[in-house]
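This is query_35.cif. It holds mmCIF, C-alpha atoms and all ligand atoms.
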data_model
#
loop_
_atom_site.group_PDB
_atom_site.id
_atom_site.type_symbol
_atom_site.label_atom_id
_atom_site.label_comp_id
_atom_site.auth_asym_id
_atom_site.auth_seq_id
_atom_site.Cartn_x
_atom_site.Cartn_y
_atom_site.Cartn_z
ATOM 1 C CA MET Z 1 0.441 -7.527 -14.071
ATOM 2 C CA PRO Z 2 -1.207 -6.499 -10.775
ATOM 3 C CA LEU Z 3 0.880 -5.978 -7.635
ATOM 4 C CA VAL Z 4 1.696 -9.290 -5.963
ATOM 5 C CA SER Z 5 2.389 -10.504 -2.456
ATOM 6 C CA MET Z 6 6.009 -11.269 -1.572
ATOM 7 C CA ASN Z 7 5.004 -14.940 -1.463
ATOM 8 C CA GLU Z 8 4.918 -14.857 -5.266
ATOM 9 C CA PHE Z 9 8.713 -14.696 -5.404
ATOM 10 C CA LEU Z 10 10.402 -15.033 -1.986
ATOM 11 C CA PRO Z 11 9.969 -18.832 -1.703
ATOM 12 C CA GLN Z 12 11.795 -19.182 -5.064
ATOM 13 C CA ALA Z 13 14.582 -16.933 -3.747
ATOM 14 C CA LYS Z 14 14.925 -19.122 -0.665
ATOM 15 C CA ALA Z 15 15.047 -22.294 -2.783
ATOM 16 C CA GLY Z 16 17.478 -20.745 -5.258
ATOM 17 C CA LYS Z 17 19.706 -19.105 -2.603
ATOM 18 C CA TYR Z 18 19.493 -15.567 -3.942
ATOM 19 C CA ALA Z 19 17.911 -12.410 -2.577
ATOM 20 C CA VAL Z 20 15.209 -10.073 -3.878
ATOM 21 C CA GLY Z 21 15.745 -6.375 -3.276
ATOM 22 C CA GLN Z 22 13.410 -4.060 -1.431
ATOM 23 C CA PHE Z 23 14.087 -0.650 -2.900
ATOM 24 C CA ASN Z 24 12.410 2.181 -1.075
ATOM 25 C CA MET Z 25 10.244 4.511 -3.104
ATOM 26 C CA ASN Z 26 10.324 8.164 -2.129
ATOM 27 C CA ASN Z 27 8.915 9.874 -5.210
ATOM 28 C CA LEU Z 28 8.161 9.417 -8.915
ATOM 29 C CA GLU Z 29 11.815 9.300 -9.943
ATOM 30 C CA PHE Z 30 12.568 6.534 -7.433
ATOM 31 C CA ALA Z 31 9.627 4.502 -8.722
ATOM 32 C CA GLN Z 32 10.705 4.949 -12.350
ATOM 33 C CA ALA Z 33 14.381 4.247 -11.701
ATOM 34 C CA ILE Z 34 13.735 1.091 -9.657
ATOM 35 C CA ALA Z 35 11.234 -0.232 -12.199
ATOM 36 C CA GLN Z 36 13.529 0.529 -15.144
ATOM 37 C CA ALA Z 37 16.521 -1.208 -13.537
ATOM 38 C CA ALA Z 38 14.453 -4.283 -12.662
ATOM 39 C CA LYS Z 39 12.919 -4.381 -16.138
ATOM 40 C CA GLU Z 40 16.333 -4.265 -17.797
ATOM 41 C CA LEU Z 41 17.466 -7.208 -15.652
ATOM 42 C CA ASN Z 42 14.106 -9.023 -15.579
ATOM 43 C CA SER Z 43 14.021 -9.200 -11.784
ATOM 44 C CA PRO Z 44 11.186 -9.267 -9.260
ATOM 45 C CA PHE Z 45 11.413 -6.552 -6.614
ATOM 46 C CA ILE Z 46 9.698 -4.900 -3.694
ATOM 47 C CA PHE Z 47 8.810 -1.233 -3.448
ATOM 48 C CA GLY Z 48 9.365 -0.375 0.219
ATOM 49 C CA VAL Z 49 7.406 2.607 1.502
ATOM 50 C CA SER Z 50 8.097 3.976 4.969
ATOM 51 C CA GLU Z 51 5.449 5.879 6.907
ATOM 52 C CA GLY Z 52 7.438 9.059 6.248
ATOM 53 C CA ALA Z 53 7.471 8.406 2.497
ATOM 54 C CA LEU Z 54 3.766 7.627 2.651
ATOM 55 C CA LYS Z 55 3.122 10.976 4.279
ATOM 56 C CA TYR Z 56 5.290 12.706 1.684
ATOM 57 C CA MET Z 57 3.765 11.080 -1.418
ATOM 58 C CA GLY Z 58 0.217 10.467 -0.199
ATOM 59 C CA ILE Z 59 -1.231 6.974 -0.195
ATOM 60 C CA GLU Z 60 -3.149 7.332 -3.493
ATOM 61 C CA TYR Z 61 -0.096 8.501 -5.425
ATOM 62 C CA THR Z 62 2.007 5.761 -3.809
ATOM 63 C CA VAL Z 63 -0.327 2.969 -4.894
ATOM 64 C CA ALA Z 64 -0.846 4.523 -8.331
ATOM 65 C CA LEU Z 65 2.916 4.748 -8.940
ATOM 66 C CA ALA Z 66 3.470 1.122 -7.926
ATOM 67 C CA GLU Z 67 0.532 -0.088 -10.004
ATOM 68 C CA ALA Z 68 1.787 1.878 -13.004
ATOM 69 C CA ALA Z 69 5.228 0.270 -12.607
ATOM 70 C CA ALA Z 70 3.694 -3.216 -12.428
ATOM 71 C CA LYS Z 71 1.530 -2.546 -15.468
ATOM 72 C CA GLN Z 72 4.294 -0.980 -17.485
ATOM 73 C CA THR Z 73 6.999 -3.575 -16.710
ATOM 74 C CA GLY Z 74 4.909 -6.741 -16.373
ATOM 75 C CA LEU Z 75 7.235 -7.748 -13.511
ATOM 76 C CA PRO Z 76 6.136 -9.340 -10.216
ATOM 77 C CA ILE Z 77 6.281 -6.321 -7.908
ATOM 78 C CA ALA Z 78 5.196 -6.137 -4.269
ATOM 79 C CA LEU Z 79 4.176 -2.832 -2.720
ATOM 80 C CA HIS Z 80 5.255 -3.152 0.892
ATOM 81 C CA LEU Z 81 4.769 -0.931 3.929
ATOM 82 C CA ASP Z 82 8.209 -0.577 5.545
ATOM 83 C CA HIS Z 83 8.367 -0.471 9.363
ATOM 84 C CA GLY Z 84 4.638 -0.086 9.894
ATOM 85 C CA SER Z 85 4.174 1.070 13.459
ATOM 86 C CA ASN Z 86 0.640 -0.056 14.233
ATOM 87 C CA PHE Z 87 -2.438 -2.009 13.167
ATOM 88 C CA ASP Z 88 -4.240 1.026 11.742
ATOM 89 C CA VAL Z 89 -1.533 2.062 9.305
ATOM 90 C CA ALA Z 90 -1.184 -1.529 8.097
ATOM 91 C CA MET Z 91 -4.953 -1.749 7.494
ATOM 92 C CA LYS Z 92 -4.991 1.609 5.747
ATOM 93 C CA CYS Z 93 -2.271 0.402 3.374
ATOM 94 C CA ILE Z 94 -3.989 -2.912 2.674
ATOM 95 C CA ARG Z 95 -7.253 -1.099 1.961
ATOM 96 C CA ALA Z 96 -5.469 1.271 -0.420
ATOM 97 C CA GLY Z 97 -3.916 -1.568 -2.444
ATOM 98 C CA PHE Z 98 -0.608 -2.524 -0.799
ATOM 99 C CA SER Z 99 0.234 -6.178 -1.436
ATOM 100 C CA SER Z 100 2.533 -6.556 1.570
ATOM 101 C CA VAL Z 101 3.079 -4.935 4.963
ATOM 102 C CA MET Z 102 5.751 -4.927 7.614
ATOM 103 C CA PHE Z 103 4.826 -4.564 11.232
ATOM 104 C CA ASP Z 104 7.806 -3.417 13.245
ATOM 105 C CA GLY Z 105 6.948 -4.424 16.781
ATOM 106 C CA SER Z 106 10.579 -4.533 17.812
ATOM 107 C CA HIS Z 107 10.085 -1.668 20.251
ATOM 108 C CA HIS Z 108 7.482 -3.648 22.163
ATOM 109 C CA SER Z 109 8.121 -6.505 24.558
ATOM 110 C CA PHE Z 110 8.632 -9.883 22.873
ATOM 111 C CA GLU Z 111 5.179 -11.099 23.945
ATOM 112 C CA ASP Z 112 3.463 -7.904 22.764
ATOM 113 C CA ASN Z 113 5.359 -8.044 19.482
ATOM 114 C CA ILE Z 114 3.980 -11.554 18.909
ATOM 115 C CA ARG Z 115 0.447 -10.545 19.868
ATOM 116 C CA LEU Z 116 0.367 -7.386 17.717
ATOM 117 C CA THR Z 117 2.024 -9.052 14.713
ATOM 118 C CA LYS Z 118 -0.465 -11.919 14.874
ATOM 119 C CA GLU Z 119 -3.409 -9.529 14.665
ATOM 120 C CA ILE Z 120 -2.039 -8.058 11.438
ATOM 121 C CA VAL Z 121 -1.144 -11.469 9.962
ATOM 122 C CA LYS Z 122 -4.707 -12.664 10.485
ATOM 123 C CA VAL Z 123 -6.264 -9.867 8.466
ATOM 124 C CA ALA Z 124 -3.456 -9.561 5.910
ATOM 125 C CA HIS Z 125 -3.493 -13.249 5.036
ATOM 126 C CA ALA Z 126 -7.259 -13.185 4.600
ATOM 127 C CA MET Z 127 -6.628 -10.473 1.994
ATOM 128 C CA GLY Z 128 -3.734 -12.270 0.244
ATOM 129 C CA VAL Z 129 -1.245 -9.758 1.619
ATOM 130 C CA SER Z 130 2.170 -10.880 2.919
ATOM 131 C CA VAL Z 131 3.558 -9.773 6.283
ATOM 132 C CA GLU Z 132 7.079 -9.104 7.527
ATOM 133 C CA GLY Z 133 7.846 -8.991 11.231
ATOM 134 C CA GLU Z 134 10.907 -7.707 13.075
ATOM 135 C CA LEU Z 135 12.951 -9.049 15.925
ATOM 136 C CA GLY Z 136 15.812 -7.361 17.678
ATOM 137 C CA THR Z 137 16.255 -3.651 16.999
ATOM 138 C CA ILE Z 138 18.053 -2.449 13.907
ATOM 139 C CA GLY Z 139 20.305 0.541 14.563
ATOM 140 C CA GLY Z 140 20.594 3.778 12.575
ATOM 141 C CA THR Z 141 18.059 6.281 11.284
ATOM 142 C CA GLU Z 142 15.222 5.934 8.826
ATOM 143 C CA ASP Z 143 12.822 8.866 8.611
ATOM 144 C CA ASP Z 144 11.751 9.662 12.157
ATOM 145 C CA LEU Z 145 12.804 6.252 13.417
ATOM 146 C CA SER Z 146 16.163 6.440 15.128
ATOM 147 C CA VAL Z 147 17.900 3.756 17.163
ATOM 148 C CA ASP Z 148 21.363 4.484 18.544
ATOM 149 C CA GLU Z 149 23.985 1.761 18.505
ATOM 150 C CA GLU Z 150 23.687 1.228 22.245
ATOM 151 C CA ASN Z 151 19.991 0.408 21.980
ATOM 152 C CA ALA Z 152 20.307 -1.750 18.887
ATOM 153 C CA SER Z 153 20.047 -5.335 20.011
ATOM 154 C CA LEU Z 154 20.686 -8.515 18.062
ATOM 155 C CA ALA Z 155 17.913 -11.022 17.406
ATOM 156 C CA LYS Z 156 18.002 -14.216 19.447
ATOM 157 C CA PRO Z 157 17.563 -17.340 17.261
ATOM 158 C CA ALA Z 158 15.383 -19.197 19.794
ATOM 159 C CA GLU Z 159 13.042 -16.189 19.998
ATOM 160 C CA ALA Z 160 12.988 -15.881 16.200
ATOM 161 C CA ILE Z 161 11.819 -19.464 15.850
ATOM 162 C CA ARG Z 162 9.053 -18.985 18.408
ATOM 163 C CA PHE Z 163 8.082 -15.698 16.800
ATOM 164 C CA TYR Z 164 7.711 -17.357 13.398
ATOM 165 C CA GLU Z 165 5.765 -20.310 14.766
ATOM 166 C CA GLU Z 166 3.334 -18.157 16.734
ATOM 167 C CA THR Z 167 2.775 -15.311 14.276
ATOM 168 C CA GLY Z 168 2.889 -17.082 10.897
ATOM 169 C CA VAL Z 169 4.725 -14.164 9.233
ATOM 170 C CA ASP Z 170 5.957 -14.592 5.659
ATOM 171 C CA ALA Z 171 9.282 -12.843 6.181
ATOM 172 C CA LEU Z 172 11.282 -11.952 9.240
ATOM 173 C CA ALA Z 173 13.664 -9.042 9.670
ATOM 174 C CA ILE Z 174 16.267 -9.883 12.259
ATOM 175 C CA ALA Z 175 18.796 -7.496 13.713
ATOM 176 C CA VAL Z 176 22.203 -8.964 12.877
ATOM 177 C CA GLY Z 177 24.454 -5.907 12.977
ATOM 178 C CA THR Z 178 23.434 -3.813 9.970
ATOM 179 C CA ALA Z 179 21.929 -0.347 10.432
ATOM 180 C CA HIS Z 180 19.798 2.067 8.425
ATOM 181 C CA GLY Z 181 21.780 4.826 6.717
ATOM 182 C CA MET Z 182 25.431 4.838 5.613
ATOM 183 C CA TYR Z 183 28.118 3.430 7.913
ATOM 184 C CA ALA Z 184 30.994 5.354 9.432
ATOM 185 C CA GLY Z 185 33.121 2.206 9.305
ATOM 186 C CA GLU Z 186 32.126 -1.283 8.244
ATOM 187 C CA PRO Z 187 29.190 -3.132 9.787
ATOM 188 C CA HIS Z 188 29.832 -6.249 11.797
ATOM 189 C CA ILE Z 189 27.313 -8.784 10.522
ATOM 190 C CA HIS Z 190 26.541 -11.816 12.654
ATOM 191 C CA TYR Z 191 26.213 -14.388 9.880
ATOM 192 C CA ASN Z 192 25.764 -17.193 12.400
ATOM 193 C CA ILE Z 193 22.425 -15.688 13.499
ATOM 194 C CA ILE Z 194 21.196 -15.497 9.895
ATOM 195 C CA GLU Z 195 22.325 -19.067 9.285
ATOM 196 C CA GLU Z 196 20.669 -20.486 12.373
ATOM 197 C CA VAL Z 197 17.376 -18.672 11.877
ATOM 198 C CA ALA Z 198 17.191 -19.225 8.095
ATOM 199 C CA ALA Z 199 17.780 -22.957 8.499
ATOM 200 C CA ALA Z 200 15.103 -23.254 11.179
ATOM 201 C CA MET Z 201 12.186 -21.870 9.139
ATOM 202 C CA PRO Z 202 10.847 -21.966 5.579
ATOM 203 C CA ILE Z 203 10.249 -18.209 5.314
ATOM 204 C CA SER Z 204 12.535 -15.407 4.138
ATOM 205 C CA ILE Z 205 15.060 -13.741 6.390
ATOM 206 C CA VAL Z 206 15.338 -10.022 5.744
ATOM 207 C CA LEU Z 207 18.456 -7.890 5.956
ATOM 208 C CA HIS Z 208 17.640 -4.241 6.610
ATOM 209 C CA GLY Z 209 20.186 -1.459 6.180
ATOM 210 C CA GLY Z 210 21.612 -2.774 2.914
ATOM 211 C CA SER Z 211 23.172 0.572 1.900
ATOM 212 C CA GLY Z 212 26.925 0.842 2.248
ATOM 213 C CA VAL Z 213 27.403 -2.819 3.135
ATOM 214 C CA PRO Z 214 30.462 -4.074 1.189
ATOM 215 C CA ASP Z 215 29.608 -6.495 -1.636
ATOM 216 C CA ASP Z 216 31.422 -9.462 -0.105
ATOM 217 C CA MET Z 217 29.433 -9.028 3.112
ATOM 218 C CA ILE Z 218 26.168 -8.990 1.160
ATOM 219 C CA LYS Z 219 27.247 -12.165 -0.620
ATOM 220 C CA ASN Z 220 28.067 -13.816 2.711
ATOM 221 C CA ALA Z 221 24.701 -12.754 4.152
ATOM 222 C CA ILE Z 222 22.946 -14.354 1.151
ATOM 223 C CA LYS Z 223 25.066 -17.473 1.549
ATOM 224 C CA ALA Z 224 24.005 -17.580 5.197
ATOM 225 C CA GLY Z 225 20.352 -17.412 4.122
ATOM 226 C CA ALA Z 226 19.182 -13.783 3.715
ATOM 227 C CA THR Z 227 16.659 -13.680 0.861
ATOM 228 C CA LYS Z 228 15.288 -10.142 1.054
ATOM 229 C CA ILE Z 229 17.619 -7.160 1.301
ATOM 230 C CA ASN Z 230 16.498 -3.561 1.812
ATOM 231 C CA VAL Z 231 18.157 -0.577 0.179
ATOM 232 C CA ASN Z 232 17.176 3.063 0.501
ATOM 233 C CA THR Z 233 19.988 5.423 1.479
ATOM 234 C CA GLU Z 234 22.313 4.506 -1.404
ATOM 235 C CA ASN Z 235 19.684 5.642 -3.897
ATOM 236 C CA GLN Z 236 19.107 8.848 -1.939
ATOM 237 C CA VAL Z 237 22.840 9.579 -1.874
ATOM 238 C CA ALA Z 238 23.281 8.861 -5.598
ATOM 239 C CA ALA Z 239 20.271 10.981 -6.589
ATOM 240 C CA THR Z 240 21.325 13.909 -4.435
ATOM 241 C CA ALA Z 241 24.927 13.790 -5.671
ATOM 242 C CA ALA Z 242 23.702 13.924 -9.269
ATOM 243 C CA ILE Z 243 21.441 16.896 -8.502
ATOM 244 C CA ARG Z 244 24.270 18.713 -6.686
ATOM 245 C CA GLU Z 245 26.558 18.196 -9.641
ATOM 246 C CA VAL Z 246 24.099 19.670 -12.140
ATOM 247 C CA LEU Z 247 23.198 22.638 -9.951
ATOM 248 C CA GLY Z 248 26.819 23.185 -8.942
ATOM 249 C CA LYS Z 249 27.912 23.373 -12.578
ATOM 250 C CA ASP Z 250 25.200 25.755 -13.724
ATOM 251 C CA ALA Z 251 23.419 28.131 -11.364
ATOM 252 C CA LYS Z 252 20.945 29.059 -14.120
ATOM 253 C CA VAL Z 253 19.227 25.671 -14.228
ATOM 254 C CA TYR Z 254 15.606 25.925 -13.126
ATOM 255 C CA ASP Z 255 13.840 23.116 -15.003
ATOM 256 C CA PRO Z 256 13.559 20.186 -12.519
ATOM 257 C CA ARG Z 257 13.790 17.698 -15.381
ATOM 258 C CA LYS Z 258 17.340 18.929 -16.031
ATOM 259 C CA TYR Z 259 18.506 17.697 -12.627
ATOM 260 C CA LEU Z 260 15.968 14.943 -11.920
ATOM 261 C CA THR Z 261 16.878 13.041 -15.095
ATOM 262 C CA PRO Z 262 20.528 12.558 -14.012
ATOM 263 C CA ALA Z 263 19.269 11.739 -10.501
ATOM 264 C CA ARG Z 264 16.995 9.057 -11.907
ATOM 265 C CA ASN Z 265 19.769 7.667 -14.114
ATOM 266 C CA ALA Z 266 22.093 7.475 -11.106
ATOM 267 C CA MET Z 267 19.497 5.445 -9.212
ATOM 268 C CA VAL Z 268 19.035 3.073 -12.165
ATOM 269 C CA GLU Z 269 22.741 2.248 -11.919
ATOM 270 C CA VAL Z 270 22.592 1.730 -8.134
ATOM 271 C CA VAL Z 271 19.582 -0.588 -8.384
ATOM 272 C CA LYS Z 272 21.051 -2.572 -11.294
ATOM 273 C CA GLY Z 273 24.232 -3.109 -9.289
ATOM 274 C CA LYS Z 274 22.245 -4.386 -6.299
ATOM 275 C CA ILE Z 275 20.056 -6.696 -8.390
ATOM 276 C CA GLU Z 276 23.194 -8.223 -9.913
ATOM 277 C CA LEU Z 277 24.800 -8.557 -6.491
ATOM 278 C CA PHE Z 278 21.682 -10.122 -4.973
ATOM 279 C CA GLY Z 279 21.488 -12.698 -7.791
ATOM 280 C CA SER Z 280 17.890 -12.018 -8.854
ATOM 281 C CA VAL Z 281 18.694 -11.240 -12.517
ATOM 282 C CA GLY Z 282 16.300 -13.134 -14.798
ATOM 283 C CA LYS Z 283 14.157 -14.395 -11.909
ATOM 284 C CA ALA Z 284 10.980 -12.464 -12.786
HETATM 285 P P1 LIG V 1 19.269 1.710 4.116
HETATM 286 O O1 LIG V 1 18.678 3.061 4.012
HETATM 287 O O2 LIG V 1 20.442 1.671 5.050
HETATM 288 O O3 LIG V 1 19.590 1.119 2.792
HETATM 289 O O4 LIG V 1 18.167 0.764 4.791
HETATM 290 C C1 LIG V 1 16.966 0.556 4.123
HETATM 291 C C2 LIG V 1 16.053 -0.255 4.947
HETATM 292 O O5 LIG V 1 16.449 -1.154 5.660
HETATM 293 C C3 LIG V 1 14.613 0.039 4.851
HETATM 294 O O6 LIG V 1 13.878 -0.632 5.815
#

Show me, as structure tokens, the structure contained in the file I just sent.
Amino acid sequence: MPLVSMNEFLPQAKAGKYAVGQFNMNNLEFAQAIAQAAKELNSPFIFGVSEGALKYMGIEYTVALAEAAAKQTGLPIALHLDHGSNFDVAMKCIRAGFSSVMFDGSHHSFEDNIRLTKEIVKVAHAMGVSVEGELGTIGGTEDDLSVDEENASLAKPAEAIRFYEETGVDALAIAVGTAHGMYAGEPHIHYNIIEEVAAAMPISIVLHGGSGVPDDMIKNAIKAGATKINVNTENQVAATAAIREVLGKDAKVYDPRKYLTPARNAMVEVVKGKIELFGSVGKA
């Protein structure tokens, strides 16, 4: 199966009140682990690729890995630019074969965010590519993107509705209290914002910063209307812990497959757990 736009499966998630996971891809082992977990549970999913990951893997390898996963699993998989920072990078990704892009205009003024997002939506939709926008600023750190708690600001429902109506995005990330990276304590999620925004529009509401959020909170966010949930750090932590364990036990290991195989297996378990929690098992 070729890569698909998020519109191939997010409307079903909204109707069925479950969420589809965006699992960030950072290298071959991430791609294999995510695809294997989704295949075992017959779930659609989204490969999220940040600009940092894109730089690390190279755009050709990134697209080739995602296409190989789609071909090998037969699952509906979207390859999605995560937190795209400008028009050019979004176009570059679409040209290279991405089936979905996010434009994160949350650091611009509200009016500029609308204007810039609209420009990308126009081209992306002409190419059959889905677009995610962002409102409010999500705290925490992802790659070079860092927002401290003080500057993280919640999305305003009235603005979200106008943003959707004017831009025509297919999915909307709203800042509701989660953050990228692991949490020192527990996040405080504003379910009422998710509920109000999700009920006001037919598109998917996206929860970023899914790592480290307790299961009951994820369930409540889905109940409130979140239908796309992003996870990256938990896979990174699991993979690195597995590598540390192997290398810590035996200083003579030098074959990368000896430590990358347990790392990949650890990620399979993380992703399977999330797919079960999100309720997308059997929805491919
Ligand atoms: P985490 O790294 O906290 O899981 O967040 C991932 C994310 O939201 C990617 O955009």

| field | Interatomic distance, atom CA of Z:Glu60 to atom CA of Z:Asp104 (Å, one decimal) | value |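 Straight-line distance from atom CA of Z:Glu60 to atom CA of Z:Asp104 works out to 22.7 Å.
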
Closest atom pairs, residues of stretch 50-153 of chain Z within 8 Å of stretch 13-27 of chain Z, all atoms listed in the file, as JSON lines:
{"residue": "Z:Ser50", "atom": "CA", "partner": "Z:Asn24", "partner_atom": "CA", "distance": 7.6}
{"residue": "Z:Ala53", "atom": "CA", "partner": "Z:Asn26", "partner_atom": "CA", "distance": 5.4}
{"residue": "Z:Tyr56", "atom": "CA", "partner": "Z:Asn26", "partner_atom": "CA", "distance": 7.8}
{"residue": "Z:Met57", "atom": "CA", "partner": "Z:Asn27", "partner_atom": "CA", "distance": 6.5}

| Between Z:Asp216, Z:Glu132, Z:Glu142, Z:Glu51, which one has atoms that come closest to ligand LIG 1 (chain V), using all atoms listed in the file? |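 Closest candidate: Z:Glu142.
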
| task | Would you mind reading off the distance between atom CA of Z:His180 and atom CA of Z:Asn235, one decimal, in Å? | result |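 Interatomic distance, atom CA of Z:His180 to atom CA of Z:Asn235: 12.8 Å.
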
| Of the candidates Z:Ile229, Z:Leu75, Z:Met182, Z:Ala124, which shows the shortest atom-to-atom distance to Z:Ser204, using all atoms listed in the file? |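 Closest to Z:Ser204 of all the choices is Z:Ile229.
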
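Of note, atom CA of Z:Asp82 and atom CA of Z:Lys55 are spaced 12.7 Å apart.
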
| field | Neighbourhood of ligand LIG 1 (chain V) at 9 Å, counting all atoms listed in the file, reported as a PyMOL selection string | value | chain Z and resi 22-24+48-50+82-83+138+140-142+178-183+206-213+229-236

| note | Judged by all atoms listed in the file, the minimum distance to Z:His107 among Z:Glu119, Z:Asp250, Z:Glu245, Z:Glu134 is found for Z:Glu134

As AutoDock Vina command-line options, please: the centre and edge lengths in Å, to one decimal, of an axis-aligned box enclosing every listed atom of stretch 23-31 of chain Z with 5 Å added on each side.
--center_x 11.1 --center_y 4.6 --center_z -5.5 --size_x 15.9 --size_y 20.5 --size_z 18.9

| query | Which of these, Z:Glu67, Z:Asp255, Z:Asp143, Z:Glu166, has the shortest distance to Z:Met1 once you count all atoms listed in the file? | reply | Z:Glu67

| query | If we count all atoms listed in the file, what is near stretch 91-100 of chain Z at a cut-off of 12 Å, once residues fewer than 5 positions away on the same chain are taken out, given as a ChimeraX atom specification? | reply | /Z:2-8,22,46-51,54-55,58-67,70,76-86,119-133,169-171

Which residues are close to stretch 31-34 of chain Z, i.e. within 6 Å by only C-alpha atoms, leaving aside same-chain residues fewer than 5 positions away? Reply as a short mmCIF file (atom, residue, chain, number, x, y, z; two decimals) with C-alpha atoms, keeping the file's coordinate frame.
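Result went into out.cif, see below:
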data_model
loop_
_atom_site.label_atom_id
_atom_site.label_comp_id
_atom_site.auth_asym_id
_atom_site.auth_seq_id
_atom_site.Cartn_x
_atom_site.Cartn_y
_atom_site.Cartn_z
CA MET Z 25 10.24 4.51 -3.10
CA ARG Z 264 17.00 9.06 -11.91
CA MET Z 267 19.50 5.44 -9.21
CA VAL Z 268 19.04 3.07 -12.16
#

| query | Which residue out of Z:Lys39, Z:Lys118, Z:Lys223, Z:Arg257 has the minimum interatomic distance to Z:Gly279 when only C-alpha atoms are used? | reply |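 For Z:Gly279, the nearest of the given residues is Z:Lys223.
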